$ cat entry_37.cif   # mmCIF, C-alpha atoms
data_start
#
loop_
_atom_site.label_atom_id
_atom_site.label_comp_id
_atom_site.auth_asym_id
_atom_site.auth_seq_id
_atom_site.Cartn_x
_atom_site.Cartn_y
_atom_site.Cartn_z
CA MET W 174 -17.56 -5.68 13.20
CA ASP W 175 -15.32 -8.68 12.76
CA LEU W 176 -12.17 -8.66 14.90
CA GLN W 177 -10.17 -11.89 15.17
CA ALA W 178 -7.94 -12.21 18.23
CA GLU W 179 -5.18 -14.76 18.72
CA VAL W 180 -2.17 -15.12 20.99
CA ARG W 181 1.29 -15.05 19.43
CA ASP W 182 4.61 -14.93 21.34
CA GLN W 183 2.82 -13.80 24.51
CA ALA W 184 1.18 -10.91 22.67
CA LEU W 185 -2.44 -10.54 21.64
CA VAL W 186 -2.86 -10.05 17.89
CA VAL W 187 -6.16 -8.53 16.80
CA ALA W 188 -6.80 -8.75 13.05
CA VAL W 189 -9.40 -6.28 11.83
CA GLN W 190 -11.44 -8.25 9.27
CA GLU W 191 -13.12 -5.20 7.80
CA ASN W 192 -12.30 -2.99 4.79
CA ARG W 193 -13.43 0.19 6.50
CA VAL W 194 -13.09 1.73 9.94
CA ASP W 195 -15.17 4.87 9.52
CA ALA W 196 -17.86 6.99 11.17
CA ALA W 197 -20.48 4.32 10.48
CA VAL W 198 -18.69 1.72 12.65
CA ALA W 199 -16.32 3.65 14.95
CA ILE W 200 -18.37 3.03 18.11
CA GLN W 201 -18.85 -0.69 17.37
CA PHE W 202 -15.13 -0.92 16.66
CA LYS W 203 -14.24 0.52 20.08
CA ASP W 204 -16.79 -1.68 21.90
CA LYS W 205 -15.65 -4.84 20.14
CA MET W 206 -11.97 -4.00 20.75
CA ARG W 207 -12.76 -3.66 24.45
CA GLU W 208 -14.31 -7.16 24.38
CA VAL W 209 -11.55 -8.95 22.49
CA THR W 210 -8.73 -7.33 24.47
CA ALA W 211 -10.18 -8.45 27.82
CA THR W 212 -7.11 -10.68 28.32
CA PRO W 213 -3.99 -10.21 30.46
CA HIS W 214 -1.57 -9.65 27.53
CA GLU W 215 0.52 -6.53 27.93
CA ARG W 216 1.36 -6.25 24.25
CA VAL W 217 -1.53 -5.86 21.81
CA VAL W 218 -0.80 -5.71 18.07
CA MET W 219 -3.60 -4.60 15.77
CA ASP W 220 -3.33 -5.96 12.22
CA LEU W 221 -4.82 -3.36 9.87
CA SER W 222 -3.70 -4.97 6.61
CA LEU W 223 -7.29 -5.58 5.40
CA VAL W 224 -8.41 -2.03 6.18
CA ASP W 225 -8.19 0.13 3.09
CA PHE W 226 -10.10 3.10 4.46
CA LEU W 227 -9.98 4.85 7.83
CA ASP W 228 -11.32 8.36 8.44
CA SER W 229 -10.82 10.68 11.41
CA SER W 230 -13.61 8.88 13.32
CA GLY W 231 -11.75 5.60 12.80
CA LEU W 232 -8.50 7.25 13.84
CA GLY W 233 -10.19 8.56 17.00
CA ALA W 234 -11.42 5.04 17.74
CA VAL W 235 -7.89 3.59 17.43
CA VAL W 236 -6.59 6.32 19.77
CA ALA W 237 -9.41 5.50 22.22
CA VAL W 238 -8.30 1.83 22.21
CA MET W 239 -4.72 2.88 22.98
CA LYS W 240 -6.02 5.00 25.87
CA PHE W 241 -8.18 2.32 27.45
CA LEU W 242 -5.33 -0.21 27.29
CA ALA W 243 -2.88 2.25 28.91
CA PRO W 244 -1.03 2.57 31.15
CA GLY W 245 -0.43 -1.13 31.75
CA ARG W 246 -0.77 -2.34 28.18
CA LYS W 247 0.65 -1.16 24.89
CA LEU W 248 -1.10 -0.99 21.50
CA GLU W 249 1.01 -1.38 18.35
CA LEU W 250 -0.22 -1.25 14.77
CA ALA W 251 0.80 -3.38 11.82
CA GLY W 252 0.13 -3.53 8.08
CA LEU W 253 -1.15 -0.03 7.37
CA THR W 254 -2.37 0.25 3.77
CA PRO W 255 -1.41 3.41 1.82
CA THR W 256 -4.53 5.51 2.51
CA VAL W 257 -4.59 4.51 6.18
CA ALA W 258 -0.86 5.28 6.53
CA LYS W 259 -1.51 8.71 5.02
CA VAL W 260 -4.08 9.56 7.73
CA PHE W 261 -1.57 8.61 10.43
CA ARG W 262 1.22 10.56 8.71
CA LEU W 263 -0.78 13.77 8.11
CA THR W 264 -2.11 13.87 11.68
CA ARG W 265 1.34 12.94 13.06
CA MET W 266 -0.23 9.98 14.85
CA ASP W 267 2.58 7.97 13.22
CA THR W 268 4.79 9.51 15.94
CA VAL W 269 2.46 8.30 18.71
CA PHE W 270 2.09 4.62 17.78
CA THR W 271 4.69 1.96 17.19
CA LEU W 272 4.05 0.95 13.57
CA HIS W 273 5.14 -2.24 11.82
CA ASP W 274 5.07 -2.76 8.05
CA THR W 275 3.51 -6.21 8.44
CA ILE W 276 2.32 -8.46 11.23
CA GLU W 277 5.37 -10.66 10.53
CA SER W 278 7.76 -7.76 11.09
CA ALA W 279 5.97 -6.98 14.37
CA PHE W 280 7.35 -10.31 15.60
CA SER W 281 10.74 -10.33 13.89
CA GLY W 282 12.39 -8.21 16.55
CA ASP W 283 12.96 -5.23 14.23
CA ALA W 284 11.10 -2.00 14.92
CA ASP W 285 10.12 -0.40 11.64
CA ALA W 286 8.05 2.46 10.38
CA ALA W 287 5.07 1.76 8.14
CA MET B 203 -30.00 7.94 -4.09
CA THR B 204 -30.26 9.65 -7.44
CA THR B 205 -27.47 10.06 -9.93
CA ALA B 206 -27.15 12.24 -13.00
CA ASN B 207 -24.26 11.63 -15.36
CA GLY B 208 -23.11 13.85 -18.17
CA GLY B 209 -19.90 15.37 -19.46
CA CYS B 210 -16.97 15.00 -17.11
CA GLY B 211 -18.68 14.87 -13.77
CA PHE B 212 -21.85 13.84 -12.02
CA LYS B 213 -24.29 14.67 -9.26
CA LEU B 214 -25.57 12.54 -6.42
CA CYS B 215 -28.35 13.19 -3.96
CA PHE B 216 -28.53 11.06 -0.81
CA ALA B 217 -29.45 11.14 2.89
CA GLY B 218 -26.91 12.68 5.27
CA GLU B 219 -26.42 9.56 7.42
CA PRO B 220 -23.39 7.24 7.68
CA PHE B 221 -24.47 4.30 5.52
CA SER B 222 -25.79 6.47 2.67
CA VAL B 223 -22.51 8.40 2.92
CA ARG B 224 -20.57 5.14 2.47
CA ASP B 225 -22.59 4.32 -0.61
CA ALA B 226 -21.97 7.78 -2.10
CA LEU B 227 -18.23 7.52 -1.40
CA GLY B 228 -18.20 4.17 -3.20
CA GLN B 229 -19.81 5.75 -6.26
CA VAL B 230 -17.29 8.60 -6.36
CA THR B 231 -14.38 6.18 -5.94
CA ASN B 232 -15.66 3.93 -8.73
CA TRP B 233 -16.13 6.94 -11.00
CA LEU B 234 -12.50 7.99 -10.42
CA LYS B 235 -11.29 4.41 -10.87
CA ASP B 236 -13.07 4.17 -14.24
CA ARG B 237 -11.08 7.24 -15.30
CA ASP B 238 -7.73 5.73 -14.27
CA VAL B 239 -7.16 8.11 -11.36
CA CYS B 240 -4.40 6.56 -9.22
CA GLU B 241 -5.13 4.85 -5.92
CA GLU B 242 -3.43 7.52 -3.83
CA THR B 243 -5.53 10.33 -5.30
CA ARG B 244 -8.72 8.28 -5.04
CA GLY B 245 -7.89 7.67 -1.38
CA SER B 246 -7.42 11.40 -0.73
CA VAL B 247 -10.68 12.33 -2.45
CA GLU B 248 -12.54 9.64 -0.50
CA LEU B 249 -10.99 10.78 2.78
CA VAL B 250 -11.85 14.46 2.26
CA LEU B 251 -15.40 13.66 1.17
CA ALA B 252 -15.85 11.33 4.14
CA GLU B 253 -14.76 14.08 6.53
CA VAL B 254 -17.04 16.69 4.92
CA LEU B 255 -20.01 14.29 4.84
CA ASN B 256 -19.45 13.10 8.42
CA ASN B 257 -19.50 16.73 9.46
CA ILE B 258 -22.82 17.22 7.67
CA SER B 259 -24.42 14.15 9.25
CA GLU B 260 -23.05 14.79 12.76
CA HIS B 261 -23.27 18.58 12.97
CA ALA B 262 -25.40 20.14 10.23
CA TYR B 263 -28.12 17.48 10.78
CA ARG B 264 -27.25 16.96 14.45
CA GLY B 265 -29.81 14.82 16.20
CA ASP B 266 -32.40 15.65 13.55
CA GLN B 267 -33.78 13.38 10.88
CA PRO B 268 -30.98 13.05 8.30
CA GLY B 269 -31.73 15.51 5.53
CA PRO B 270 -30.68 15.50 1.90
CA VAL B 271 -27.14 16.08 0.67
CA GLU B 272 -26.27 17.05 -2.90
CA LEU B 273 -22.81 16.22 -4.15
CA SER B 274 -21.60 17.53 -7.47
CA LEU B 275 -18.28 16.69 -9.04
CA THR B 276 -16.97 18.44 -12.12
CA CYS B 277 -13.62 18.28 -13.86
CA CYS B 278 -11.32 21.26 -14.06
CA PRO B 279 -7.86 21.14 -15.67
CA SER B 280 -5.72 18.87 -13.45
CA ALA B 281 -8.31 18.89 -10.68
CA VAL B 282 -11.79 17.89 -9.65
CA CYS B 283 -14.11 20.52 -8.24
CA LEU B 284 -16.47 19.25 -5.57
CA CYS B 285 -19.50 20.98 -4.13
CA LEU B 286 -21.66 19.75 -1.26
CA ARG B 287 -25.01 21.25 -0.31
CA ASP B 288 -27.18 20.43 2.69
CA GLN B 289 -30.18 21.90 4.46
CA GLY B 290 -28.87 21.49 8.00
CA HIS B 291 -27.76 23.96 10.64
CA GLU B 292 -25.36 26.72 9.69
CA MET B 293 -21.65 26.43 10.57
CA PRO B 294 -20.85 27.94 13.97
CA GLU B 295 -20.41 31.71 13.52
CA GLY B 296 -21.25 31.26 9.84
CA SER B 297 -17.71 30.37 8.82
CA LEU B 298 -15.34 27.42 8.39
CA PRO B 299 -13.61 26.02 11.48
CA SER B 300 -9.93 26.96 11.76
CA GLY B 301 -8.76 23.45 10.85
CA ALA B 302 -5.64 23.69 13.00
CA ALA B 303 -3.86 20.39 13.61
CA PRO B 304 -4.64 18.94 17.06
CA ASP B 305 -1.53 18.64 19.23
CA VAL B 306 -0.47 14.98 19.46
CA ASN B 307 2.63 15.68 21.54
CA LYS B 308 0.88 14.66 24.75
CA GLN B 309 0.68 11.95 27.37
CA THR B 310 -1.38 8.97 26.21
CA GLN B 311 -4.43 9.80 28.35
CA ASP B 312 -4.50 13.35 26.96
CA LEU B 313 -4.22 12.44 23.26
CA PRO B 314 -6.95 13.95 21.07
CA GLU B 315 -9.59 11.53 19.70
CA GLY B 316 -11.18 14.11 17.42
CA GLY B 317 -10.69 17.44 15.75
CA PHE B 318 -8.76 15.97 12.82
CA GLY B 319 -11.50 16.23 10.21
CA TRP B 320 -11.15 19.90 9.23
CA PHE B 321 -7.38 19.67 9.48
CA LEU B 322 -7.40 16.85 6.89
CA ILE B 323 -9.85 18.75 4.67
CA ASN B 324 -7.70 21.90 4.79
CA THR B 325 -4.51 19.98 4.14
CA LEU B 326 -5.73 18.00 1.13
CA THR B 327 -7.84 20.61 -0.71
CA HIS B 328 -7.46 24.06 -2.21
CA ASP B 329 -9.92 26.89 -2.91
CA LEU B 330 -12.01 25.73 0.06
CA ARG B 331 -15.08 27.97 0.37
CA TYR B 332 -18.20 27.96 2.52
CA CYS B 333 -21.36 29.99 2.17
CA ARG B 334 -24.89 29.92 3.47
CA GLU B 335 -27.47 30.58 0.79
CA ALA B 336 -31.27 30.30 0.96
CA GLY B 337 -31.15 28.20 4.13
CA ARG B 338 -28.57 25.81 2.70
CA ASN B 339 -24.91 25.21 3.43
CA CYS B 340 -22.68 25.15 0.40
CA LEU B 341 -19.09 23.94 0.64
CA SER B 342 -16.85 23.82 -2.40
CA PHE B 343 -13.21 22.92 -2.96
CA LYS B 344 -10.76 21.55 -5.51
CA MET B 345 -8.42 18.60 -5.37
CA ALA B 346 -5.51 18.02 -7.72
CA LEU B 347 -5.95 15.05 -10.04
CA ASP B 348 -3.73 12.94 -12.22
CA MET B 349 -6.55 12.28 -14.66
CA PRO B 350 -5.61 11.59 -18.31
CA ALA B 351 -5.93 14.69 -20.52
CA ASP B 352 -8.61 13.26 -22.83
CA THR B 353 -10.93 12.76 -19.84
CA VAL B 354 -10.39 16.31 -18.59
CA ARG B 355 -11.37 17.75 -21.98
CA GLY B 356 -14.90 16.61 -21.16
CA ALA B 357 -14.90 19.45 -18.62
CA ALA B 358 -16.10 21.69 -21.44
CA ASN B 359 -19.48 19.97 -21.04
CA PRO B 360 -20.12 19.84 -17.29
CA PRO B 361 -23.35 18.29 -16.06
CA GLN B 362 -26.29 20.57 -15.34
#

$ encode --input "entry_37.cif" --output "structure tokens"
Amino acid sequence: MDLQAEVRDQALVVAVQENRVDAAVAIQFKDKMREVTATPHERVVMDLSLVDFLDSSGLGAVVAVMKFLAPGRKLELAGLTPTVAKVFRLTRMDTVFTLHDTIESAFSGDADAA
Amino acid sequence: MTTANGGCGFKLCFAGEPFSVRDALGQVTNWLKDRDVCEETRGSVELVLAEVLNNISEHAYRGDQPGPVELSLTCCPSAVCLCLRDQGHEMPEGSLPSGAAPDVNKQTQDLPEGGFGWFLINTLTHDLRYCREAGRNCLSFKMALDMPADTVRGAANPPQ
């Protein structure tokens, strides 16, 4: 599970360097997210632009990350690919997370919907 | 994993565990791609199959050695018909789960982390049927396809 974390404008950006977040890797994904987000940044932006497949196990893992960061820290998502966006839309999780079309737009000051 | 091709469709047999499931999903996706099925439809088919197969590996074969799964795909007019068979435990109460959408209108700490699988399956398929026959689970469903007409005509010769 390759997650690359870097600091940008006082936020922590975590880029998921995997094509799939599915049942095979959901637990590793959660564990690794816990490791890389062990920083004081209140805003965490997850870049999902390389992920072209996420199933309900992957969705559950992303929700779990949001829950372990809360209440002091906020998880936002950026760069959802079409199939991933569909999972969020159908489950209405698109109403729960702040979504950004791209990682650039997450830092442009405009809130947008993926 | 074994594969049998013929007509417009194919069969796969593989172990009901996550990495074999990934491999099977890749084969289905490539098959659809070779027939010019659009990315959105391929994504929906892959998602539904992933949810069904995760359910088989996590619940039907719960904690046991992963058993075999048979996947058959055949073409129908404007749709693919999919059928999955496994030798695991029967569905609770012998029927499909309700598939209701989990409520996401909650405080962060109370948000659901699961229960979305059957909701997604119900939403994206039609003619969803489950039966238990001769100690096996059999789940079948259809998904609308945008496959070119000349490919669908092969449905007259489905694989055995």

$ closest_residue --input "entry_37.cif" --among "W:Glu208, W:Asp175, W:Asp228, W:Glu249" --to "B:Glu315" --atoms "only C-alpha atoms"
W:Asp228

$ resolve_selection --input "entry_37.cif" --expression "the PyMOL selection byres ((chain B) within 10 of (chain W))" --output "PDB file with C-alpha atoms, keeping the file's coordinate frame"
ATOM      1  CA  GLU B 219     -26.420   9.560   7.420  1.00  0.00           C
ATOM      2  CA  PRO B 220     -23.390   7.240   7.680  1.00  0.00           C
ATOM      3  CA  PHE B 221     -24.470   4.300   5.520  1.00  0.00           C
ATOM      4  CA  SER B 222     -25.790   6.470   2.670  1.00  0.00           C
ATOM      5  CA  VAL B 223     -22.510   8.400   2.920  1.00  0.00           C
ATOM      6  CA  ARG B 224     -20.570   5.140   2.470  1.00  0.00           C
ATOM      7  CA  GLU B 241      -5.130   4.850  -5.920  1.00  0.00           C
ATOM      8  CA  GLU B 242      -3.430   7.520  -3.830  1.00  0.00           C
ATOM      9  CA  THR B 243      -5.530  10.330  -5.300  1.00  0.00           C
ATOM     10  CA  ARG B 244      -8.720   8.280  -5.040  1.00  0.00           C
ATOM     11  CA  GLY B 245      -7.890   7.670  -1.380  1.00  0.00           C
ATOM     12  CA  SER B 246      -7.420  11.400  -0.730  1.00  0.00           C
ATOM     13  CA  GLU B 248     -12.540   9.640  -0.500  1.00  0.00           C
ATOM     14  CA  LEU B 249     -10.990  10.780   2.780  1.00  0.00           C
ATOM     15  CA  VAL B 250     -11.850  14.460   2.260  1.00  0.00           C
ATOM     16  CA  LEU B 251     -15.400  13.660   1.170  1.00  0.00           C
ATOM     17  CA  ALA B 252     -15.850  11.330   4.140  1.00  0.00           C
ATOM     18  CA  GLU B 253     -14.760  14.080   6.530  1.00  0.00           C
ATOM     19  CA  LEU B 255     -20.010  14.290   4.840  1.00  0.00           C
ATOM     20  CA  ASN B 256     -19.450  13.100   8.420  1.00  0.00           C
ATOM     21  CA  SER B 259     -24.420  14.150   9.250  1.00  0.00           C
ATOM     22  CA  GLU B 260     -23.050  14.790  12.760  1.00  0.00           C
ATOM     23  CA  ALA B 303      -3.860  20.390  13.610  1.00  0.00           C
ATOM     24  CA  PRO B 304      -4.640  18.940  17.060  1.00  0.00           C
ATOM     25  CA  ASP B 305      -1.530  18.640  19.230  1.00  0.00           C
ATOM     26  CA  VAL B 306      -0.470  14.980  19.460  1.00  0.00           C
ATOM     27  CA  ASN B 307       2.630  15.680  21.540  1.00  0.00           C
ATOM     28  CA  LYS B 308       0.880  14.660  24.750  1.00  0.00           C
ATOM     29  CA  GLN B 309       0.680  11.950  27.370  1.00  0.00           C
ATOM     30  CA  THR B 310      -1.380   8.970  26.210  1.00  0.00           C
ATOM     31  CA  GLN B 311      -4.430   9.800  28.350  1.00  0.00           C
ATOM     32  CA  ASP B 312      -4.500  13.350  26.960  1.00  0.00           C
ATOM     33  CA  LEU B 313      -4.220  12.440  23.260  1.00  0.00           C
ATOM     34  CA  PRO B 314      -6.950  13.950  21.070  1.00  0.00           C
ATOM     35  CA  GLU B 315      -9.590  11.530  19.700  1.00  0.00           C
ATOM     36  CA  GLY B 316     -11.180  14.110  17.420  1.00  0.00           C
ATOM     37  CA  GLY B 317     -10.690  17.440  15.750  1.00  0.00           C
ATOM     38  CA  PHE B 318      -8.760  15.970  12.820  1.00  0.00           C
ATOM     39  CA  GLY B 319     -11.500  16.230  10.210  1.00  0.00           C
ATOM     40  CA  TRP B 320     -11.150  19.900   9.230  1.00  0.00           C
ATOM     41  CA  PHE B 321      -7.380  19.670   9.480  1.00  0.00           C
ATOM     42  CA  LEU B 322      -7.400  16.850   6.890  1.00  0.00           C
ATOM     43  CA  THR B 325      -4.510  19.980   4.140  1.00  0.00           C
ATOM     44  CA  LEU B 326      -5.730  18.000   1.130  1.00  0.00           C
TER      45      LEU B 326
END

$ atom_distance --input "entry_37.cif" --atom1 "atom CA of W:Leu272" --atom2 "atom CA of W:Ala258"
9.6 Å

$ resolve_selection --input "entry_37.cif" --expression "the PyMOL selection byres ((chain W and resi 248) around 8)" --output "number ranges by chain"
W: 216-219, 238-239, 242, 246-247, 249-250, 270-271

$ atom_distance --input "entry_37.cif" --atom1 "atom CA of B:Gly211" --atom2 "atom CA of B:Arg334"
23.7 Å

$ atom_distance --input "entry_37.cif" --atom1 "atom CA of B:Val282" --atom2 "atom CA of B:Met345"
5.5 Å

$ resolve_selection --input "entry_37.cif" --expression "the PyMOL selection byres ((chain B and resi 267) around 10)" --output "MDAnalysis selection string"
chainID B and resid 217:219 259 263:266 268:270 290

$ closest_residue --input "entry_37.cif" --among "W:Ile276, W:Val194, W:Ala188, W:Val180" --to "W:Glu215" --atoms "all atoms listed in the file"
W:Val180

$ closest_residue --input "entry_37.cif" --among "W:Thr212, W:Gln201, W:Ser281, W:Thr275" --to "W:Ala178" --atoms "all atoms listed in the file"
W:Thr212

$ closest_residue --input "entry_37.cif" --among "W:Pro213, W:Lys205, W:Val224, W:Ile200" --to "W:Leu185" --atoms "all atoms listed in the file"
W:Pro213

$ decode --input "entry_37.cif" --residues "stretch 327-341 of chain B" --atoms "N, CA, C and O atoms" --output "PDB file, in the first residue's frame"
ATOM      1  N   THR B 327     -28.309  -3.527 -10.839  1.00  0.00           N
ATOM      2  CA  THR B 327     -28.675  -4.738 -11.593  1.00  0.00           C
ATOM      3  C   THR B 327     -30.188  -4.812 -11.772  1.00  0.00           C
ATOM      4  O   THR B 327     -30.931  -4.074 -11.130  1.00  0.00           O
ATOM      5  N   HIS B 328     -30.631  -5.719 -12.630  1.00  0.00           N
ATOM      6  CA  HIS B 328     -32.047  -6.087 -12.633  1.00  0.00           C
ATOM      7  C   HIS B 328     -32.178  -7.597 -12.749  1.00  0.00           C
ATOM      8  O   HIS B 328     -31.194  -8.301 -12.996  1.00  0.00           O
ATOM      9  N   ASP B 329     -33.380  -8.090 -12.501  1.00  0.00           N
ATOM     10  CA  ASP B 329     -33.643  -9.548 -12.472  1.00  0.00           C
ATOM     11  C   ASP B 329     -32.698 -10.278 -11.522  1.00  0.00           C
ATOM     12  O   ASP B 329     -32.188 -11.361 -11.836  1.00  0.00           O
ATOM     13  N   LEU B 330     -32.456  -9.689 -10.357  1.00  0.00           N
ATOM     14  CA  LEU B 330     -31.560 -10.304  -9.365  1.00  0.00           C
ATOM     15  C   LEU B 330     -32.282 -11.473  -8.695  1.00  0.00           C
ATOM     16  O   LEU B 330     -33.374 -11.299  -8.151  1.00  0.00           O
ATOM     17  N   ARG B 331     -31.664 -12.661  -8.782  1.00  0.00           N
ATOM     18  CA  ARG B 331     -32.304 -13.852  -8.198  1.00  0.00           C
ATOM     19  C   ARG B 331     -31.286 -14.670  -7.432  1.00  0.00           C
ATOM     20  O   ARG B 331     -30.120 -14.776  -7.843  1.00  0.00           O
ATOM     21  N   TYR B 332     -31.749 -15.269  -6.344  1.00  0.00           N
ATOM     22  CA  TYR B 332     -30.889 -16.153  -5.546  1.00  0.00           C
ATOM     23  C   TYR B 332     -31.595 -17.476  -5.331  1.00  0.00           C
ATOM     24  O   TYR B 332     -32.800 -17.500  -5.064  1.00  0.00           O
ATOM     25  N   CYS B 333     -30.876 -18.574  -5.463  1.00  0.00           N
ATOM     26  CA  CYS B 333     -31.447 -19.850  -5.035  1.00  0.00           C
ATOM     27  C   CYS B 333     -30.339 -20.738  -4.480  1.00  0.00           C
ATOM     28  O   CYS B 333     -29.148 -20.504  -4.714  1.00  0.00           O
ATOM     29  N   ARG B 334     -30.763 -21.689  -3.690  1.00  0.00           N
ATOM     30  CA  ARG B 334     -29.849 -22.685  -3.135  1.00  0.00           C
ATOM     31  C   ARG B 334     -30.197 -23.990  -3.820  1.00  0.00           C
ATOM     32  O   ARG B 334     -31.352 -24.429  -3.762  1.00  0.00           O
ATOM     33  N   GLU B 335     -29.228 -24.584  -4.506  1.00  0.00           N
ATOM     34  CA  GLU B 335     -29.538 -25.839  -5.188  1.00  0.00           C
ATOM     35  C   GLU B 335     -28.375 -26.812  -5.022  1.00  0.00           C
ATOM     36  O   GLU B 335     -27.229 -26.441  -5.256  1.00  0.00           O
ATOM     37  N   ALA B 336     -28.692 -28.007  -4.563  1.00  0.00           N
ATOM     38  CA  ALA B 336     -27.702 -29.084  -4.382  1.00  0.00           C
ATOM     39  C   ALA B 336     -26.489 -28.607  -3.588  1.00  0.00           C
ATOM     40  O   ALA B 336     -25.338 -28.849  -3.964  1.00  0.00           O
ATOM     41  N   GLY B 337     -26.758 -27.894  -2.483  1.00  0.00           N
ATOM     42  CA  GLY B 337     -25.665 -27.449  -1.615  1.00  0.00           C
ATOM     43  C   GLY B 337     -24.845 -26.304  -2.174  1.00  0.00           C
ATOM     44  O   GLY B 337     -23.761 -26.004  -1.682  1.00  0.00           O
ATOM     45  N   ARG B 338     -25.370 -25.654  -3.228  1.00  0.00           N
ATOM     46  CA  ARG B 338     -24.641 -24.524  -3.806  1.00  0.00           C
ATOM     47  C   ARG B 338     -25.513 -23.271  -3.819  1.00  0.00           C
ATOM     48  O   ARG B 338     -26.731 -23.355  -3.960  1.00  0.00           O
ATOM     49  N   ASN B 339     -24.867 -22.138  -3.670  1.00  0.00           N
ATOM     50  CA  ASN B 339     -25.562 -20.862  -3.837  1.00  0.00           C
ATOM     51  C   ASN B 339     -25.496 -20.475  -5.304  1.00  0.00           C
ATOM     52  O   ASN B 339     -24.445 -20.618  -5.939  1.00  0.00           O
ATOM     53  N   CYS B 340     -26.595 -19.974  -5.816  1.00  0.00           N
ATOM     54  CA  CYS B 340     -26.601 -19.518  -7.198  1.00  0.00           C
ATOM     55  C   CYS B 340     -27.240 -18.131  -7.238  1.00  0.00           C
ATOM     56  O   CYS B 340     -28.387 -17.955  -6.806  1.00  0.00           O
ATOM     57  N   LEU B 341     -26.472 -17.159  -7.688  1.00  0.00           N
ATOM     58  CA  LEU B 341     -26.972 -15.788  -7.784  1.00  0.00           C
ATOM     59  C   LEU B 341     -26.893 -15.369  -9.244  1.00  0.00           C
ATOM     60  O   LEU B 341     -25.845 -15.531  -9.872  1.00  0.00           O
TER      61      LEU B 341
END
